[in-house]
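Data block for protein_18.cif (mmCIF, C-alpha atoms):
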data_start
loop_
_atom_site.label_atom_id
_atom_site.label_comp_id
_atom_site.auth_asym_id
_atom_site.auth_seq_id
_atom_site.Cartn_x
_atom_site.Cartn_y
_atom_site.Cartn_z
CA MET U 1 182.30 -113.73 112.18
CA PRO U 2 185.20 -111.62 110.87
CA ASP U 3 184.33 -108.89 108.42
CA HIS U 4 185.75 -109.21 104.92
CA GLY U 5 185.38 -107.59 101.51
CA ARG U 6 183.58 -104.25 101.47
CA ASP U 7 182.68 -104.44 105.18
CA LEU U 8 186.32 -104.87 106.09
CA GLY U 9 187.19 -102.03 103.71
CA ALA U 10 184.79 -99.77 105.62
CA ASP U 11 186.29 -100.89 108.94
CA LEU U 12 189.77 -100.08 107.66
CA PHE U 13 188.66 -96.67 106.49
CA ARG U 14 187.38 -95.93 110.00
CA LEU U 15 190.74 -96.95 111.49
CA TYR U 16 192.45 -94.83 108.85
CA THR U 17 190.33 -91.80 109.78
CA MET U 18 191.16 -92.34 113.44
CA ALA U 19 194.87 -92.66 112.64
CA LYS U 20 195.08 -89.74 110.24
CA THR U 21 192.89 -87.15 111.92
CA ASN U 22 191.34 -87.99 115.30
CA LEU U 23 194.41 -89.15 117.20
CA PRO U 24 196.95 -86.75 115.62
CA ASP U 25 194.64 -83.78 116.16
CA VAL U 26 194.32 -84.55 119.86
CA ALA U 27 198.04 -85.36 120.06
CA ALA U 28 198.80 -81.90 118.69
CA GLU U 29 196.68 -80.30 121.43
CA TYR U 30 198.59 -82.33 124.02
CA GLY U 31 201.90 -81.41 122.44
CA ALA U 32 200.95 -77.74 122.70
CA ALA U 33 199.72 -78.14 126.30
CA ALA U 34 202.98 -79.90 127.25
CA GLY U 35 204.88 -77.03 125.65
CA PHE U 36 202.94 -74.44 127.62
CA VAL U 37 203.35 -76.29 130.92
CA GLY U 38 207.06 -76.89 130.30
CA GLY U 39 207.45 -73.28 129.20
CA ALA U 40 205.96 -71.91 132.43
CA ASP U 41 209.31 -70.73 133.77
CA ALA U 42 209.15 -69.23 137.25
CA ALA U 43 212.80 -69.71 138.26
CA ALA U 44 213.57 -66.00 138.18
CA ALA U 45 210.31 -65.09 139.91
CA PHE U 46 211.14 -67.35 142.87
CA THR U 47 214.67 -65.92 143.26
CA ARG U 48 215.14 -63.93 146.46
CA PRO U 49 217.74 -63.12 149.15
CA ALA U 50 218.83 -66.35 150.84
CA GLN U 51 217.41 -65.35 154.22
CA PHE U 52 213.91 -66.02 152.85
CA GLY U 53 214.17 -69.79 152.79
CA GLY U 54 217.17 -70.09 150.46
CA ALA U 55 217.91 -68.83 146.97
CA GLN U 56 214.47 -69.83 145.59
CA GLY U 57 212.56 -70.67 148.75
CA PRO U 58 210.92 -73.91 149.90
CA ALA U 59 208.07 -73.95 147.39
CA TYR U 60 210.09 -73.81 144.18
CA GLN U 61 211.38 -77.40 144.10
CA PRO U 62 207.95 -79.04 144.67
CA TRP U 63 206.42 -76.60 142.18
CA LEU U 64 209.09 -77.51 139.62
CA GLU U 65 208.63 -81.23 140.27
CA LEU U 66 204.87 -80.93 139.81
CA ARG U 67 205.35 -78.89 136.64
CA ASP U 68 207.81 -81.40 135.19
CA THR U 69 205.65 -84.39 136.19
CA LEU U 70 202.62 -82.83 134.56
CA ARG U 71 204.60 -81.89 131.47
CA SER U 72 205.77 -85.49 131.11
CA PHE U 73 202.17 -86.77 131.49
CA LEU U 74 201.07 -84.47 128.68
CA ALA U 75 204.07 -85.25 126.48
CA ASP U 76 203.56 -89.00 127.06
CA THR U 77 199.93 -88.66 126.02
CA ASP U 78 200.99 -86.80 122.88
CA GLU U 79 203.53 -89.53 122.06
CA ASN U 80 201.14 -92.41 122.89
CA LEU U 81 198.48 -90.97 120.59
CA ASP U 82 200.96 -90.50 117.73
CA GLU U 83 202.40 -94.00 118.13
CA THR U 84 198.96 -95.57 118.34
CA ALA U 85 198.04 -93.73 115.15
CA ARG U 86 201.14 -95.18 113.48
CA ALA U 87 200.13 -98.69 114.63
CA LEU U 88 196.63 -98.22 113.23
CA LEU U 89 198.02 -97.09 109.88
CA LEU U 90 200.21 -100.17 109.89
CA ALA U 91 197.08 -102.24 110.56
CA THR U 92 195.11 -100.70 107.68
CA ASP U 93 197.94 -101.47 105.31
CA ALA U 94 198.41 -105.01 106.60
CA TYR U 95 194.71 -105.96 106.44
CA ALA U 96 194.23 -104.33 103.03
CA GLY U 97 197.06 -106.52 101.79
CA THR U 98 195.16 -109.66 102.74
CA ASP U 99 191.78 -108.91 101.13
CA TYR U 100 191.61 -107.39 97.63
CA ALA U 101 187.92 -106.41 97.82
CA ALA U 102 188.52 -104.73 101.17
CA LYS U 103 191.48 -102.87 99.71
CA VAL U 104 189.40 -101.63 96.74
CA GLU U 105 186.64 -100.36 99.05
CA PHE U 106 189.15 -98.82 101.44
CA GLU U 107 190.90 -96.97 98.60
CA ARG U 108 187.54 -95.78 97.21
CA LEU U 109 186.47 -94.39 100.59
CA LYS U 110 189.84 -92.67 100.99
CA ARG U 111 189.52 -91.03 97.58
CA GLU U 112 186.01 -89.80 98.28
CA SER U 113 186.77 -88.54 101.76
CA ARG U 114 188.44 -85.40 102.93
CA VAL U 115 190.75 -87.36 105.21
CA PRO U 116 194.31 -86.40 104.22
CA MET O 1 205.16 -44.19 151.24
CA SER O 2 205.78 -46.94 148.79
CA PHE O 3 207.78 -50.15 148.59
CA GLU O 4 209.90 -48.83 145.73
CA GLN O 5 211.35 -46.25 148.13
CA LEU O 6 211.94 -48.73 150.95
CA MET O 7 215.69 -48.13 151.22
CA GLN O 8 215.12 -44.37 151.19
CA HIS O 9 212.69 -44.89 154.09
CA ALA O 10 215.33 -46.97 155.85
CA ALA O 11 217.81 -44.10 155.40
CA ASP O 12 215.21 -41.66 156.71
CA ILE O 13 214.68 -43.88 159.76
CA GLY O 14 218.43 -44.04 160.37
CA ASN O 15 218.86 -40.26 160.07
CA LYS O 16 215.86 -39.52 162.25
CA ALA O 17 216.84 -42.11 164.87
CA PHE O 18 220.40 -40.81 165.01
CA LYS O 19 219.26 -37.21 165.48
CA GLU O 20 216.78 -38.15 168.19
CA GLY O 21 219.11 -40.62 169.87
CA LEU O 22 221.97 -38.15 169.94
CA GLU O 23 219.72 -35.53 171.56
CA GLU O 24 218.73 -38.11 174.18
CA LEU O 25 222.39 -38.87 174.93
CA MET O 26 223.40 -35.19 175.08
CA ALA O 27 220.53 -34.44 177.46
CA LEU O 28 222.21 -36.77 179.96
CA LYS O 29 225.19 -34.34 180.11
CA SER O 30 227.71 -37.14 180.56
CA PRO O 31 230.60 -36.80 178.08
CA SER O 32 232.00 -40.22 178.99
CA TYR O 33 228.63 -41.93 178.49
CA LEU O 34 228.14 -40.02 175.24
CA ALA O 35 231.56 -41.19 174.03
CA GLN O 36 230.65 -44.77 174.94
CA GLU O 37 227.17 -44.81 173.40
CA GLN O 38 227.55 -42.66 170.28
CA PRO O 39 229.41 -45.33 168.23
CA LYS O 40 226.69 -47.85 169.15
CA LEU O 41 224.02 -45.39 168.03
CA LEU O 42 225.88 -44.73 164.79
CA ASN O 43 226.13 -48.42 164.09
CA ARG O 44 222.50 -49.02 164.91
CA CYS O 45 221.18 -46.18 162.75
CA TYR O 46 223.47 -46.49 159.76
CA ALA O 47 224.27 -50.21 159.62
CA GLU O 48 221.60 -52.16 161.49
CA VAL O 49 218.57 -50.27 160.17
CA PRO O 50 219.47 -50.42 156.45
CA GLY O 51 220.74 -53.96 156.97
CA LEU O 52 217.34 -55.05 158.24
CA PHE O 53 215.45 -53.55 155.32
CA GLN O 54 217.94 -54.39 152.56
CA PRO O 55 216.83 -58.04 152.00
CA PHE O 56 213.20 -56.92 151.83
CA SER O 57 214.03 -54.47 149.06
CA GLN O 58 215.02 -57.53 146.97
CA ILE O 59 212.04 -59.81 147.59
CA PRO O 60 210.36 -61.14 144.44
CA ASP O 61 208.36 -58.71 142.33
CA PRO O 62 204.77 -60.06 142.29
CA ALA O 63 204.50 -59.13 138.60
CA SER O 64 207.37 -61.47 137.76
CA TYR O 65 205.00 -64.44 138.24
CA ASP O 66 202.61 -63.15 135.55
CA PRO O 67 204.32 -64.63 132.46
CA ALA O 68 204.27 -68.17 133.90
CA ILE O 69 200.66 -67.74 135.08
CA GLU O 70 199.60 -66.56 131.62
CA THR O 71 201.41 -69.50 129.99
CA LEU O 72 199.57 -71.93 132.27
CA LYS O 73 196.27 -70.29 131.30
CA ARG O 74 197.07 -71.24 127.68
CA ALA O 75 197.66 -74.83 128.79
CA LEU O 76 194.31 -74.79 130.62
CA ALA O 77 192.59 -73.63 127.42
CA LYS O 78 194.09 -76.60 125.56
CA LEU O 79 192.80 -79.17 128.05
CA SER O 80 189.37 -77.73 128.80
CA THR O 81 187.07 -80.68 128.07
CA GLY O 82 183.72 -79.06 128.58
CA GLN O 83 182.85 -81.13 131.68
CA ASP O 84 183.32 -77.91 133.62
CA THR O 85 185.16 -75.13 131.87
CA ARG O 86 185.80 -73.06 135.00
CA ASP O 87 189.17 -72.99 136.66
CA PRO O 88 188.52 -75.31 139.64
CA ILE O 89 190.65 -73.27 142.07
CA SER O 90 191.13 -69.69 140.99
CA THR O 91 188.89 -67.01 139.59
CA ASN O 92 191.93 -65.43 137.91
CA GLY O 93 191.25 -66.48 134.34
CA GLY O 94 187.67 -67.59 134.91
CA SER O 95 186.33 -69.90 132.23
CA TYR O 96 188.03 -71.59 129.32
CA TYR O 97 186.00 -72.48 126.26
CA ALA O 98 185.77 -76.24 125.88
CA ASN O 99 188.32 -77.45 123.32
CA PRO O 100 186.23 -79.43 120.78
CA VAL O 101 189.31 -81.18 119.36
CA LEU O 102 189.47 -83.28 122.54
CA ASP O 103 186.07 -84.77 121.69
CA LYS O 104 187.76 -86.60 118.81
CA ILE O 105 189.04 -89.20 121.27
CA SER O 106 185.55 -90.15 122.44
CA GLY O 107 184.47 -89.87 118.81
CA SER O 108 186.99 -92.59 117.93
CA GLU O 109 185.27 -95.20 120.06
CA ALA O 110 182.98 -96.35 117.26
CA TYR O 111 185.97 -96.69 114.93
CA ILE O 112 187.75 -99.29 116.98
CA GLU O 113 185.12 -101.06 119.06
CA SER O 114 184.46 -103.71 116.41
CA TRP O 115 188.06 -104.99 116.62
CA THR O 116 188.53 -108.06 118.79
CA GLY O 117 192.30 -108.02 119.36
CA LYS O 118 193.48 -107.64 122.96
CA ALA O 119 195.44 -104.43 122.40
CA ALA O 120 192.61 -102.87 120.37
CA MET O 121 190.10 -103.60 123.14
CA GLU O 122 192.52 -102.36 125.78
CA PHE O 123 193.01 -99.11 123.89
CA LYS O 124 189.28 -98.57 124.11
CA THR O 125 188.93 -99.46 127.79
CA ASN O 126 192.22 -98.00 129.08
CA PHE O 127 192.56 -94.93 126.89
CA ILE O 128 189.36 -93.88 125.15
CA ASP O 129 186.84 -94.62 127.92
CA PRO O 130 188.63 -92.81 130.79
CA PHE O 131 189.98 -90.04 128.55
CA PRO O 132 187.49 -87.31 129.61
CA SER O 133 188.22 -87.96 133.30
CA VAL O 134 191.99 -88.10 132.80
CA ALA O 135 191.92 -84.88 130.79
CA ARG O 136 189.79 -83.28 133.51
CA ASN O 137 192.29 -84.34 136.18
CA GLN O 138 195.16 -82.96 134.12
CA PHE O 139 193.21 -79.70 133.86
CA ILE O 140 192.92 -79.66 137.68
CA LEU O 141 196.68 -80.20 138.05
CA ILE O 142 197.47 -77.30 135.74
CA SER O 143 195.10 -75.21 137.80
CA ALA O 144 196.92 -76.23 141.02
CA LEU O 145 200.26 -75.37 139.43
CA LYS O 146 198.92 -71.95 138.46
CA ALA O 147 197.26 -71.38 141.86
CA ALA O 148 200.56 -71.99 143.64
CA LEU O 149 202.15 -69.20 141.59
CA GLU O 150 199.20 -66.94 142.37
CA ALA O 151 199.65 -67.75 146.07
CA GLU O 152 203.35 -66.81 145.87
CA GLN O 153 202.45 -63.65 143.99
CA ALA O 154 199.83 -62.65 146.58
CA MET O 155 202.18 -63.42 149.47
CA TRP O 156 204.96 -61.20 148.10
CA ALA O 157 202.54 -58.39 147.24
CA ALA O 158 201.31 -58.46 150.86
CA ALA O 159 204.88 -58.75 152.20
CA ARG O 160 205.80 -55.56 150.33
CA LYS O 161 202.89 -53.72 151.98
CA ASP O 162 203.81 -55.14 155.38
CA ILE O 163 207.44 -54.04 155.32
CA ASP O 164 206.43 -50.64 153.96
CA GLN O 165 203.97 -50.29 156.83
CA ILE O 166 206.73 -51.13 159.33
CA ALA O 167 208.96 -48.41 157.88
CA GLU O 168 206.15 -45.87 157.85
CA ASN O 169 205.08 -46.62 161.42
CA THR O 170 208.67 -46.50 162.66
CA LEU O 171 209.05 -43.00 161.28
CA LYS O 172 205.77 -41.97 162.93
CA ALA O 173 206.87 -43.47 166.23
CA LEU O 174 210.20 -41.60 166.06
CA ASP O 175 208.35 -38.38 165.25
CA CYS O 176 206.01 -38.72 168.22
CA MET O 177 208.41 -39.83 170.97
CA ASP O 178 208.21 -36.43 172.62
CA ASP O 179 204.41 -36.36 172.71
CA CYS O 180 202.84 -36.35 176.15
CA THR O 181 200.61 -39.31 175.40
CA SER O 182 202.20 -42.56 174.36
CA LYS O 183 201.18 -43.82 170.95
CA GLU O 184 201.33 -47.21 169.27
CA TRP O 185 201.22 -47.95 165.57
CA ALA O 186 199.85 -51.33 164.62
CA VAL O 187 201.43 -53.43 161.90
CA THR O 188 199.24 -56.15 160.38
CA PHE O 189 201.17 -58.98 158.73
CA THR O 190 198.86 -59.39 155.78
CA ALA O 191 201.17 -61.88 154.01
CA ALA O 192 199.78 -64.55 156.35
CA ALA O 193 196.26 -63.96 155.05
CA ALA O 194 197.22 -63.61 151.38
CA ILE O 195 196.85 -67.32 150.68
CA THR O 196 194.16 -69.81 151.53
CA GLY O 197 193.59 -73.54 151.34
CA ILE O 198 191.18 -75.39 149.10
CA LEU O 199 190.14 -79.04 148.96
CA LEU O 200 189.64 -80.51 145.50
CA THR O 201 187.91 -83.73 144.59
CA ILE O 202 189.62 -85.63 141.80
CA PRO O 203 187.01 -87.30 139.59
CA THR O 204 187.17 -91.07 139.33
CA LEU O 205 187.89 -92.56 135.95
CA GLY O 206 184.78 -93.07 133.87
CA GLY O 207 183.07 -96.34 134.67
CA SER O 208 185.79 -97.54 137.02
CA ALA O 209 185.27 -98.74 140.56
CA ALA O 210 188.21 -96.69 141.83
CA LEU O 211 187.63 -94.45 144.81
CA ALA O 212 187.50 -90.71 144.40
CA ILE O 213 190.52 -88.96 145.86
CA SER O 214 190.87 -85.46 147.11
CA ILE O 215 193.83 -83.13 147.32
CA SER O 216 194.29 -80.04 149.41
CA THR O 217 196.17 -77.18 147.88
CA VAL O 218 196.45 -73.42 148.14
CA GLY O 219 195.74 -70.33 146.11
CA ALA O 220 195.68 -66.57 146.47
CA ALA O 221 192.95 -65.60 148.94
CA ALA O 222 191.77 -62.94 146.52
CA TRP O 223 191.18 -65.55 143.81
CA VAL O 224 189.91 -68.47 145.89
CA ALA O 225 186.50 -68.19 147.43
CA ALA O 226 186.42 -71.62 149.02
CA ALA O 227 187.93 -71.00 152.41
CA LEU O 228 188.66 -68.17 154.80
CA PRO O 229 192.33 -67.34 155.21
CA PRO O 230 193.78 -67.27 158.72
CA SER O 231 193.62 -64.02 160.69
CA PRO O 232 196.83 -62.10 160.16
CA PRO O 233 199.02 -61.49 163.25
CA GLU O 234 199.62 -57.96 164.48
CA LEU O 235 202.37 -56.14 166.35
CA THR O 236 202.76 -52.54 167.39
CA ILE O 237 205.63 -50.14 166.90
CA SER O 238 206.06 -47.78 169.82
CA GLY O 239 208.49 -46.40 172.36
CA ASP O 240 209.28 -43.19 174.24
CA GLU O 241 212.96 -43.25 173.41
CA THR O 242 214.91 -44.06 170.25
CA ASN O 243 216.27 -47.46 171.18
CA ALA O 244 212.82 -48.64 172.28
CA VAL O 245 211.31 -47.63 168.93
CA LEU O 246 214.15 -49.32 167.05
CA ASP O 247 213.72 -52.44 169.20
CA SER O 248 210.05 -52.69 168.32
CA MET O 249 210.89 -52.06 164.64
CA HIS O 250 213.46 -54.85 164.79
CA THR O 251 210.90 -57.22 166.31
CA ALA O 252 208.38 -56.31 163.60
CA VAL O 253 210.89 -56.87 160.78
CA ASN O 254 211.79 -60.27 162.24
CA LYS O 255 208.08 -61.08 162.46
CA ALA O 256 207.64 -60.13 158.80
CA SER O 257 210.38 -62.63 157.88
CA GLU O 258 208.79 -65.28 160.06
CA VAL O 259 205.35 -64.75 158.49
CA ILE O 260 206.81 -65.07 154.98
CA SER O 261 208.57 -68.27 156.00
CA GLU O 262 205.42 -69.80 157.54
CA THR O 263 203.24 -68.75 154.61
CA GLU O 264 205.61 -70.15 152.03
CA GLN O 265 205.88 -73.39 154.00
CA ARG O 266 202.10 -73.72 153.61
CA ILE O 267 202.50 -73.32 149.84
CA ALA O 268 205.33 -75.87 149.77
CA LYS O 269 203.31 -78.32 151.90
CA ALA O 270 200.31 -77.99 149.58
CA LEU O 271 202.47 -78.66 146.52
CA ASN O 272 204.01 -81.72 148.18
CA ASN O 273 200.50 -82.89 149.01
CA VAL O 274 199.52 -82.62 145.34
CA LEU O 275 202.71 -84.44 144.32
CA ASP O 276 201.93 -87.28 146.75
CA ALA O 277 198.42 -87.59 145.30
CA VAL O 278 199.79 -87.63 141.76
CA HIS O 279 202.52 -90.20 142.46
CA GLY O 280 200.13 -92.38 144.48
CA ASN O 281 197.38 -92.34 141.86
CA ARG O 282 199.24 -92.00 138.58
CA ASP O 283 196.48 -93.68 136.55
CA TYR O 284 194.13 -90.83 137.44
CA PHE O 285 196.38 -88.36 135.68
CA VAL O 286 197.82 -90.17 132.67
CA ALA O 287 196.68 -93.16 130.62
CA PRO O 288 199.10 -96.11 130.49
CA ARG O 289 201.09 -96.60 127.31
CA PRO O 290 198.82 -98.46 124.84
CA ALA O 291 199.99 -101.98 123.99
CA LEU O 292 199.19 -101.24 120.35
CA VAL O 293 202.33 -99.14 120.02
CA GLY O 294 204.39 -102.31 120.40
CA ALA O 295 202.95 -103.91 117.26
CA VAL O 296 205.00 -104.39 114.11
CA ARG O 297 203.84 -105.35 110.63
CA GLN O 298 204.38 -109.06 111.31
CA THR O 299 202.29 -109.01 114.52
CA ILE O 300 199.67 -106.30 114.04
CA MET O 301 196.97 -108.74 112.86
CA ASN O 302 197.57 -111.21 115.72
CA PRO O 303 194.88 -111.68 118.40
CA GLU O 304 197.32 -110.00 120.78
CA TYR O 305 196.96 -106.73 118.84
CA MET O 306 194.12 -106.03 116.34
CA GLY O 307 192.61 -109.53 115.85
CA TYR O 308 189.68 -109.18 113.50
CA SER O 309 186.72 -106.86 113.07
CA ASP O 310 183.20 -108.23 113.37
#

structure tokens encoding of this file:
Amino acid sequence: MPDHGRDLGADLFRLYTMAKTNLPDVAAEYGAAAGFVGGADAAAAFTRPAQFGGAQGPAYQPWLELRDTLRSFLADTDENLDETARALLLATDAYAGTDYAAKVEFERLKRESRVP
Amino acid sequence: MSFEQLMQHAADIGNKAFKEGLEELMALKSPSYLAQEQPKLLNRCYAEVPGLFQPFSQIPDPASYDPAIETLKRALAKLSTGQDTRDPISTNGGSYYANPVLDKISGSEAYIESWTGKAAMEFKTNFIDPFPSVARNQFILISALKAALEAEQAMWAAARKDIDQIAENTLKALDCMDDCTSKEWAVTFTAAAAITGILLTIPTLGGSAALAISISTVGAAAWVAAALPPSPPELTISGDETNAVLDSMHTAVNKASEVISETEQRIAKALNNVLDAVHGNRDYFVAPRPALVGAVRQTIMNPEYMGYSD
């Protein structure tokens, strides 16, 4: 049985909380982690005379590939969390537009909360 | 002696070898032989000797890996979930306080579980449920990335000591050629033992039937307690005449190059092993893109996306 009225309003407020704080907060941590991983620059450290396995040696390319792969995993997670949050905000707005009592309850909970 | 003065040591070896070698040639009292051999001796002492040591004077500075290692420690701190806050490979950096912000994903479960739409349910099962395991596996990968740099750092630090030891022992051997008793000076190629392997188990995703996988990688022996490094090879520097000492020095320098090459191949192989594991098991390391992100205002309430809440 689908929720409606005040129950639906409470459900929407929970989605709103998730979209405005939970997911963006974690996304920000992932964005920072991706920045740190991508910023771990060892190109100069690996540089050596060519007789030691070439200009940067045999380990640099696989290290760089692993770093870049990992950075993309973390950046993708950041982006997926942000985009999911946007979809949930879209959902709260769409559902509130279909049920006036739900919208009133949702707006009341938003006002009384500390969710931005 | 120290690595920073390596080229000065090479010059000292050249000067000493030329002096001793010239005395050996003059003792033979053959002007024609002296005329034939002196240019060879000159070339050997003042071109070959510095030429052998020159590339080693430019090998990577171990400290140059520190900035990247420190940056990766900051990434580890971001993704420490609290399942196990220790670095799984290296003791360089120790523990990272669990990042409580990450708990907000698991904390979101109750906010979305009442929604019946396909994409909403998938977000819970594909993203929220396995999140702690995926984050843990990402933490392990950062640790492997950092451990590879620590392995490189340890290898070059040991290589510096090894080449310095070769120079020092060559000078000793040249000094003692005239001694009655023959002497040998051992060189231990510690670069070979500076890194060690470690086998890591990658946690399965929470609640899934997937098999656990394991990856083997490497770290600095000083920071990894899991396995014993291989015994380092040894050579001796000796000889009772100049060319013999220089020959054994040449062999030792070549061996030092060979040990660096073999050691770095182990690091490269370990990194390729990790890459294979990551590419072959991508879902262990990153959640798939949630279907919810494809919703638009006209479709968000459809059963395909959010459905209804009950």

For segment 97-99 of chain U, find every residue with an atom within 7 Å (counting all atoms listed in the file), except residues of its own chain fewer than 4 positions away, and show them as JSON, numbers by chain. {"U": [5, 93, 103]}

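Atom to atom, atom CA of Glu168 of chain O and atom CA of Glu262 of chain O stand 23.9 Å apart.
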
Residues near segment 19-34 of chain O, anyone? I mean within 9 Å using all atoms listed in the file, not counting same-chain ones fewer than 6 positions away, as number ranges by chain. O: 41, 174-175, 177, 241-243

Nearest to Leu74 of chain U, chosen from O:Lys73, O:His250, O:His9, O:Lys78, with all atoms listed in the file counted in the distances: O:Lys78

Expansion of the PyMOL selection byres ((chain O and resi 84-95) around 6) into residues, as number ranges by chain: O: 80, 82-83, 96, 223-224

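Shell of Arg297 of chain O at 12 Å, with only C-alpha atoms counted and residues fewer than 4 places along the chain excluded, is U:Arg86, U:Ala87, U:Leu88, U:Leu89, U:Leu90, U:Ala91, U:Thr92, U:Asp93, U:Ala94, U:Tyr95, U:Gly97, O:Leu292, O:Val293, O:Met301, O:Asn302, O:Tyr305, O:Met306.
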
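In terms of minimum interatomic distance to chain U, O:Thr71 ranks closest within O:Thr71, O:Thr170, O:Thr217, O:Ser231, counting all atoms listed in the file.
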
Any chance you could export segment 80-115 of chain U with C-alpha atoms, as a tab-separated table (two decimals), in the first residue's frame?
chain	number	residue	atom	x	y	z
U	80	ASN	CA	27.77	8.66	-8.83
U	81	LEU	CA	26.95	9.81	-5.31
U	82	ASP	CA	26.41	13.42	-6.43
U	83	GLU	CA	24.23	12.39	-9.38
U	84	THR	CA	22.19	10.00	-7.26
U	85	ALA	CA	21.65	12.83	-4.79
U	86	ARG	CA	20.41	15.02	-7.64
U	87	ALA	CA	17.99	12.26	-8.72
U	88	LEU	CA	16.66	11.94	-5.18
U	89	LEU	CA	16.09	15.68	-4.94
U	90	LEU	CA	14.23	15.47	-8.23
U	91	ALA	CA	12.13	12.67	-6.72
U	92	THR	CA	11.25	14.65	-3.58
U	93	ASP	CA	10.09	17.54	-5.70
U	94	ALA	CA	8.12	15.34	-8.09
U	95	TYR	CA	6.30	13.37	-5.36
U	96	ALA	CA	5.59	16.50	-3.29
U	97	GLY	CA	3.92	17.94	-6.38
U	98	THR	CA	1.44	15.06	-6.48
U	99	ASP	CA	0.26	15.06	-2.85
U	100	TYR	CA	-0.50	18.36	-1.08
U	101	ALA	CA	-0.59	16.88	2.45
U	102	ALA	CA	2.73	15.16	1.83
U	103	LYS	CA	4.19	18.43	0.59
U	104	VAL	CA	3.00	20.31	3.71
U	105	GLU	CA	4.54	17.70	6.02
U	106	PHE	CA	7.74	17.57	3.98
U	107	GLU	CA	8.11	21.37	4.11
U	108	ARG	CA	7.40	21.38	7.87
U	109	LEU	CA	10.08	18.75	8.53
U	110	LYS	CA	12.55	20.67	6.38
U	111	ARG	CA	11.89	23.88	8.30
U	112	GLU	CA	12.32	22.18	11.66
U	113	SER	CA	15.44	20.27	10.69
U	114	ARG	CA	19.01	21.35	10.42
U	115	VAL	CA	19.31	19.84	6.96
